[in-house]
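Participant: Please find one structure pasted underneath; my questions will follow.
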Amino acid sequence: METKIVKAFGTQAADAPLKSLTIERREPTDKDIEIEILYCGVCHSDLHTARNDWGGTIYPAVPGHEIVGKVIKTGSAVTKLKVGDYAAVGCMVDSCRECESCKQDLEQFCINGLTGTYNGKDKYSGTQTFGGYSEKIVVDEHFVLKVPLNLNLAAVAPLLCAGITTWSPLRHWKVGKGSKVAVIGLGGLGHMAIKLAKGLGAEVTLFSRTPEKIKDALELGAQDVIISKDAEQMKSVKGKFDLIIDTVPTIHDINPYVATLHINGTLVLVGYLGGLEPILNTVPMIMGRKSVAGSLIGGIAETQEMLDFCGEHNIVSDIELIKIQDINEAYERMLKSDVHYRFVIDMASLKD
Ligand code: NAP
Ligand code: ZN
Ligand code: ZN
């Protein structure tokens, strides 16, 4: 397999800062699209992976799965896009395409395992995949998305993970006009959840620990903000919500939020991976037929649906554009929840 050397930014160890390095990318096969990366969003999962929070990170690791760029080369069998078109890549670059999940456009649940955009196992080279903190990426056309051209390209990037991860549960649980939706945590995922739920016609409430974010939440489209540390405020929304999207990245008590679900309501976890503490009390669930669920990004067709919806409704992420050289500081700020509301890397800075 022919490969080329590409500039990137990544880390050699869980406790090492990200710095400039080079990686190999394959030359496009007949179904591949080669993209020059213009912008890449910074997801909390990038940080989890760089620092091996979930275990299993292979080093060097090059994060980044909110990718927007320009097509610079296509394989002979590619029909989706042509050289010069804008293109996007999210959290997956491959799956088996044959299993029950793949056939239902649920590639994220591929029974034979999806290939993550980074820290996945590349089917072609057998080595790990490298993400969007890089000059170029080569991806099978099935996993490349079309970008709505009326939107700010840099602000589109976060839709590829934060957008689809919150869109998918909103669609699965059939949120529409008049639905009562709550979002826990105002970060990258949380701010997209507010915008998308509002776009679908829902009444949206934010649960946040941070009173300083109230004004922003209302401007983003929330009707109400509940400060989760305030027991009286929590009581005021008991039994209210049809769907709660929980974006909190660390272990936390979900019992107080289950109490705010309406009968038949669902709390869907998209943030934290792992065991929850304290234990979940089933009594309020049984007494109200309430559910606690999880959700993982979204399929490729659903991602395109979300991008098209954002194009029609003029929805993009609120971003702070940074240089790749600022990525380590951005991670520290993300840990302090000091992001308003997504960092996006201007990949031109990789040439500096
Ligand atoms: P983020 O920008 O850091 O936002 C997380 C927000 O959660 C914070 O802004 C904060 O909001 C709240 N929060 C943080 N620490 C908390 C704590 N200890 N207790 C309660 N609330 C806390 O992160 P993100 O990029 O949105 O990602 C969120 C999580 O989703 C990450 O774990 C990421 O790995 C995961 N993720 C999952 C999927 C999936 O497919 N399921 C996809 C992408 C990301 P307030 O200040 O408002 O409280
Ligand atoms: Zn992500
Ligand atoms: Zn599959």
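Numbering starts fresh at 1 for the residues of each chain in the structure tokens, the chains themselves are lettered A, B, ... in the order given, and ligands are numbered from 1 as they appear.
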Which residues of chain A come within 6 Å of ligand 2, and for each one, what is the closest pair of atoms and their distance in Å to one decimal, counting only C-alpha atoms and all ligand atoms, sorted by chain and residue number, as a tab-separated table?
Facilitator:
```
residue	atom	partner	partner_atom_place_in_ligand_line	distance
A:Cys43	CA	ligand 2	1 (Zn)	4.5
A:Ser45	CA	ligand 2	1 (Zn)	5.1
A:Cys161	CA	ligand 2	1 (Zn)	4.6
```
Participant: I need the chosen residues saved as a PDB file, in the first residue's frame, with N, CA, C and O atoms.
Facilitator:
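New file result-v4.pdb:
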```pdb
ATOM      1  N   CYS A  43     -13.201  17.974  20.912  1.00  0.00           N
ATOM      2  CA  CYS A  43     -14.217  17.290  21.709  1.00  0.00           C
ATOM      3  C   CYS A  43     -13.589  16.830  23.027  1.00  0.00           C
ATOM      4  O   CYS A  43     -12.394  16.536  23.081  1.00  0.00           O
ATOM      5  N   SER A  45     -13.883  14.054  24.196  1.00  0.00           N
ATOM      6  CA  SER A  45     -13.362  12.694  23.948  1.00  0.00           C
ATOM      7  C   SER A  45     -11.910  12.733  23.458  1.00  0.00           C
ATOM      8  O   SER A  45     -11.151  11.788  23.695  1.00  0.00           O
ATOM      9  N   CYS A 161     -19.487  15.873  15.729  1.00  0.00           N
ATOM     10  CA  CYS A 161     -19.598  14.992  16.902  1.00  0.00           C
ATOM     11  C   CYS A 161     -20.626  15.548  17.885  1.00  0.00           C
ATOM     12  O   CYS A 161     -21.635  14.919  18.153  1.00  0.00           O
TER      13      CYS A 161
END
```
Participant: Residues within 8 Å of ligand 1, counting only C-alpha atoms and all ligand atoms: report them as a PyMOL selection string.
Facilitator: chain A and resi 42-48+161-162+165+184-191+206-210+213+247-252+269-273+294-298+334-339+341-342
Participant: Report, in Å with one decimal, the straight-line distance from atom CA of A:Val225 to atom CA of A:Ala197.
Facilitator: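 Distance reported for this atom pair: 14.9 Å.
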Participant: With a distance cut-off of 6 Å and only C-alpha atoms, select the neighbouring residues of A:Thr129, excluding the residue or stretch itself and same-chain residues fewer than 2 positions from it, and output the selection as a short mmCIF file (atom, residue, chain, number, x, y, z; two decimals) with C-alpha atoms, in the first residue's frame.
Facilitator:
```cif
data_model
loop_
_atom_site.label_atom_id
_atom_site.label_comp_id
_atom_site.auth_asym_id
_atom_site.auth_seq_id
_atom_site.Cartn_x
_atom_site.Cartn_y
_atom_site.Cartn_z
CA TYR A 118 -8.71 8.03 15.84
CA ASN A 119 -7.42 5.25 18.04
CA GLY A 120 -9.30 2.77 15.84
CA LYS A 121 -7.78 -0.08 13.85
CA ASP A 122 -7.29 0.88 10.22
#
```
Participant: May I have the residues within 12 Å of ligand 3, computed using only C-alpha atoms and all ligand atoms, as a list in words?
Facilitator: Met92, Asp94, Ser95, Cys96, Arg97, Glu98, Cys99, Glu100, Ser101, Cys102, Lys103, Gln104, Asp105, Leu106, Glu107, Gln108, Phe109, Cys110, Ile111, Asn112, Gly113, Leu114, Thr115 and Gly299 of chain A
Participant: Could you pull out the strand (DSSP E or B) residues of stretch 62-91 of chain A from DSSP and send them as a VMD selection string?
Facilitator: chain A and resid 67 to 74 86 to 89
Participant: What would the file look like if the residues just selected were written as a CSV table (one decimal), in the first residue's frame with all heavy atoms?
Facilitator:
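Output (again.csv):
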```csv
chain,number,residue,atom,x,y,z
A,67,ILE,N,-14.2,17.2,11.7
A,67,ILE,CA,-13.4,17.6,10.6
A,67,ILE,C,-14.1,18.2,9.5
A,67,ILE,O,-15.1,17.6,9.0
A,67,ILE,CB,-12.6,16.3,10.1
A,67,ILE,CG1,-11.7,15.7,11.3
A,67,ILE,CG2,-11.7,16.6,8.9
A,67,ILE,CD1,-11.2,14.3,11.0
A,68,VAL,N,-13.7,19.4,9.1
A,68,VAL,CA,-14.2,20.0,7.9
A,68,VAL,C,-13.0,20.4,7.0
A,68,VAL,O,-12.0,20.9,7.4
A,68,VAL,CB,-15.1,21.2,8.2
A,68,VAL,CG1,-15.4,22.0,6.9
A,68,VAL,CG2,-16.4,20.8,8.9
A,69,GLY,N,-13.2,20.1,5.7
A,69,GLY,CA,-12.1,20.5,4.8
A,69,GLY,C,-12.5,20.5,3.3
A,69,GLY,O,-13.7,20.5,3.0
A,70,LYS,N,-11.5,20.4,2.5
A,70,LYS,CA,-11.7,20.5,1.0
A,70,LYS,C,-11.2,19.2,0.4
A,70,LYS,O,-10.1,18.8,0.7
A,70,LYS,CB,-10.9,21.7,0.5
A,70,LYS,CG,-11.6,22.3,-0.7
A,70,LYS,CD,-10.9,23.7,-1.0
A,70,LYS,CE,-11.9,24.5,-1.7
A,70,LYS,NZ,-11.4,25.8,-2.0
A,71,VAL,N,-12.0,18.7,-0.6
A,71,VAL,CA,-11.5,17.5,-1.3
A,71,VAL,C,-10.4,17.8,-2.2
A,71,VAL,O,-10.4,18.8,-3.0
A,71,VAL,CB,-12.7,16.9,-2.2
A,71,VAL,CG1,-12.2,15.7,-3.0
A,71,VAL,CG2,-13.9,16.5,-1.3
A,72,ILE,N,-9.2,17.1,-2.1
A,72,ILE,CA,-8.1,17.4,-3.0
A,72,ILE,C,-7.8,16.2,-3.9
A,72,ILE,O,-7.0,16.4,-4.9
A,72,ILE,CB,-6.8,17.8,-2.2
A,72,ILE,CG1,-6.5,16.8,-1.1
A,72,ILE,CG2,-7.0,19.2,-1.6
A,72,ILE,CD1,-5.1,17.0,-0.4
A,73,LYS,N,-8.3,15.1,-3.6
A,73,LYS,CA,-8.1,13.9,-4.5
A,73,LYS,C,-9.2,12.9,-4.3
A,73,LYS,O,-9.7,12.8,-3.2
A,73,LYS,CB,-6.8,13.3,-4.2
A,73,LYS,CG,-6.1,12.6,-5.3
A,73,LYS,CD,-4.9,11.8,-4.8
A,73,LYS,CE,-3.6,12.4,-5.3
A,73,LYS,NZ,-2.4,11.5,-4.9
A,74,THR,N,-9.6,12.2,-5.4
A,74,THR,CA,-10.7,11.2,-5.3
A,74,THR,C,-10.2,10.0,-6.0
A,74,THR,O,-9.5,10.0,-7.0
A,74,THR,CB,-12.0,11.7,-5.8
A,74,THR,OG1,-11.9,12.0,-7.2
A,74,THR,CG2,-12.6,12.8,-5.1
A,86,TYR,N,-16.4,21.0,-0.6
A,86,TYR,CA,-16.2,20.9,0.9
A,86,TYR,C,-16.7,19.6,1.4
A,86,TYR,O,-17.6,19.0,0.8
A,86,TYR,CB,-16.9,22.1,1.6
A,86,TYR,CG,-16.2,23.4,1.3
A,86,TYR,CD1,-16.7,24.3,0.5
A,86,TYR,CD2,-14.9,23.7,1.9
A,86,TYR,CE1,-16.0,25.5,0.2
A,86,TYR,CE2,-14.2,24.8,1.6
A,86,TYR,CZ,-14.8,25.8,0.8
A,86,TYR,OH,-14.1,26.9,0.5
A,87,ALA,N,-16.0,19.1,2.4
A,87,ALA,CA,-16.4,17.7,2.9
A,87,ALA,C,-16.2,17.7,4.4
A,87,ALA,O,-15.4,18.5,5.0
A,87,ALA,CB,-15.5,16.7,2.3
A,88,ALA,N,-16.8,16.7,5.1
A,88,ALA,CA,-16.7,16.6,6.5
A,88,ALA,C,-16.6,15.2,6.9
A,88,ALA,O,-17.0,14.3,6.2
A,88,ALA,CB,-17.9,17.2,7.2
A,89,VAL,N,-15.9,14.9,8.0
A,89,VAL,CA,-15.7,13.6,8.6
A,89,VAL,C,-16.0,13.7,10.1
A,89,VAL,O,-15.5,14.6,10.7
A,89,VAL,CB,-14.3,13.0,8.3
A,89,VAL,CG1,-14.1,11.7,9.0
A,89,VAL,CG2,-14.0,13.0,6.8
```
Participant: In stretch 47-202 of chain A, what's alpha helix (DSSP H) per DSSP? Answer as a ChimeraX atom specification?
Facilitator: /A:47-50,100-103,153-156,162-172,188-199
Participant: Create the file for the chosen residues now, containing C-alpha atoms and written as an mmCIF file, in the first residue's frame.
Facilitator:
```
data_model
loop_
_atom_site.group_PDB
_atom_site.id
_atom_site.type_symbol
_atom_site.label_atom_id
_atom_site.label_comp_id
_atom_site.auth_asym_id
_atom_site.auth_seq_id
_atom_site.Cartn_x
_atom_site.Cartn_y
_atom_site.Cartn_z
ATOM 1 C CA LEU A 47 -8.874 14.802 25.842
ATOM 2 C CA HIS A 48 -10.123 11.496 27.326
ATOM 3 C CA THR A 49 -8.190 9.665 24.587
ATOM 4 C CA ALA A 50 -4.983 11.737 24.739
ATOM 5 C CA GLU A 100 -27.645 -5.923 10.709
ATOM 6 C CA SER A 101 -26.682 -2.558 12.237
ATOM 7 C CA CYS A 102 -24.750 -1.355 9.191
ATOM 8 C CA LYS A 103 -27.618 -2.351 6.906
ATOM 9 C CA LEU A 153 -17.303 26.275 7.884
ATOM 10 C CA ALA A 154 -15.333 26.539 11.127
ATOM 11 C CA ALA A 155 -18.568 26.553 13.133
ATOM 12 C CA VAL A 156 -19.852 23.504 11.217
ATOM 13 C CA ALA A 162 -21.328 17.338 19.377
ATOM 14 C CA GLY A 163 -24.132 17.875 16.850
ATOM 15 C CA ILE A 164 -24.843 14.291 15.856
ATOM 16 C CA THR A 165 -24.419 12.930 19.393
ATOM 17 C CA THR A 166 -27.256 15.120 20.610
ATOM 18 C CA TRP A 167 -29.328 14.986 17.388
ATOM 19 C CA SER A 168 -29.520 11.179 17.387
ATOM 20 C CA PRO A 169 -31.327 10.834 20.760
ATOM 21 C CA LEU A 170 -33.584 13.789 19.938
ATOM 22 C CA ARG A 171 -34.694 11.942 16.791
ATOM 23 C CA HIS A 172 -34.799 8.465 18.340
ATOM 24 C CA GLY A 188 -19.842 21.383 23.570
ATOM 25 C CA LEU A 189 -22.551 18.710 23.486
ATOM 26 C CA GLY A 190 -24.887 20.641 25.786
ATOM 27 C CA HIS A 191 -24.994 23.821 23.732
ATOM 28 C CA MET A 192 -25.685 21.838 20.544
ATOM 29 C CA ALA A 193 -28.425 19.881 22.329
ATOM 30 C CA ILE A 194 -30.147 23.151 23.231
ATOM 31 C CA LYS A 195 -29.936 24.533 19.691
ATOM 32 C CA LEU A 196 -31.073 21.318 17.995
ATOM 33 C CA ALA A 197 -33.933 20.594 20.423
ATOM 34 C CA LYS A 198 -35.149 24.179 20.027
ATOM 35 C CA GLY A 199 -34.827 23.799 16.247
#
```
Participant: What separation in Å, quoted to one decimal, exists between atom CA of A:Leu21 and atom CA of A:Gly75?
Facilitator: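 Atom CA of A:Gly75 lies at a distance of 26.9 Å from atom CA of A:Leu21.
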Participant: With a cut-off of 9 Å, could you pull out the residues of stretch 34-69 of chain A touching stretch 13-16 of chain A and give me the nearest pair of atoms for each, distance in Å to one decimal, using only C-alpha atoms, ordered by chain and ascending number, as a Markdown table?
Facilitator:
```
| residue | atom | partner | partner_atom | distance |
| --- | --- | --- | --- | --- |
| A:Thr49 | CA | A:Ala14 | CA | 8.3 |
| A:Ala50 | CA | A:Ala14 | CA | 5.9 |
| A:Arg51 | CA | A:Ala14 | CA | 4.1 |
| A:Asn52 | CA | A:Ala14 | CA | 5.6 |
| A:Asp53 | CA | A:Ala14 | CA | 8.4 |
| A:Thr57 | CA | A:Ala14 | CA | 8.3 |
| A:Ile58 | CA | A:Ala13 | CA | 8.7 |
| A:Tyr59 | CA | A:Ala13 | CA | 6.2 |
| A:Pro60 | CA | A:Ala13 | CA | 7.0 |
| A:Ala61 | CA | A:Ala13 | CA | 8.1 |
```
Participant: Quick one, how far is atom CA of A:Thr260 from atom CA of A:Gln223?
Facilitator: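 Going from atom CA of A:Thr260 over to atom CA of A:Gln223 covers 16.0 Å.
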Participant: So, counting only C-alpha atoms, which residue among A:Asp242, A:Glu135, A:Glu332, A:Asp326 is closest to A:Glu203?
Facilitator: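 Nearest to A:Glu203: A:Asp242.
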Participant: A:Gly10: which residues within 6 Å, counting only C-alpha atoms, same-chain residues fewer than 3 positions away excluded, as a list in words?
Facilitator: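 Final neighbour list, sorted by chain and number: Leu18, Lys19, Ala61 and Val62 of chain A.
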Participant: Pick the closest to A:Trp54 from A:Thr79, A:Gly274, A:Pro28, A:His340: which is it, counting only C-alpha atoms?
Facilitator: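 Comparing A:Thr79, A:Gly274, A:Pro28, A:His340 against A:Trp54, the winner is A:Gly274.
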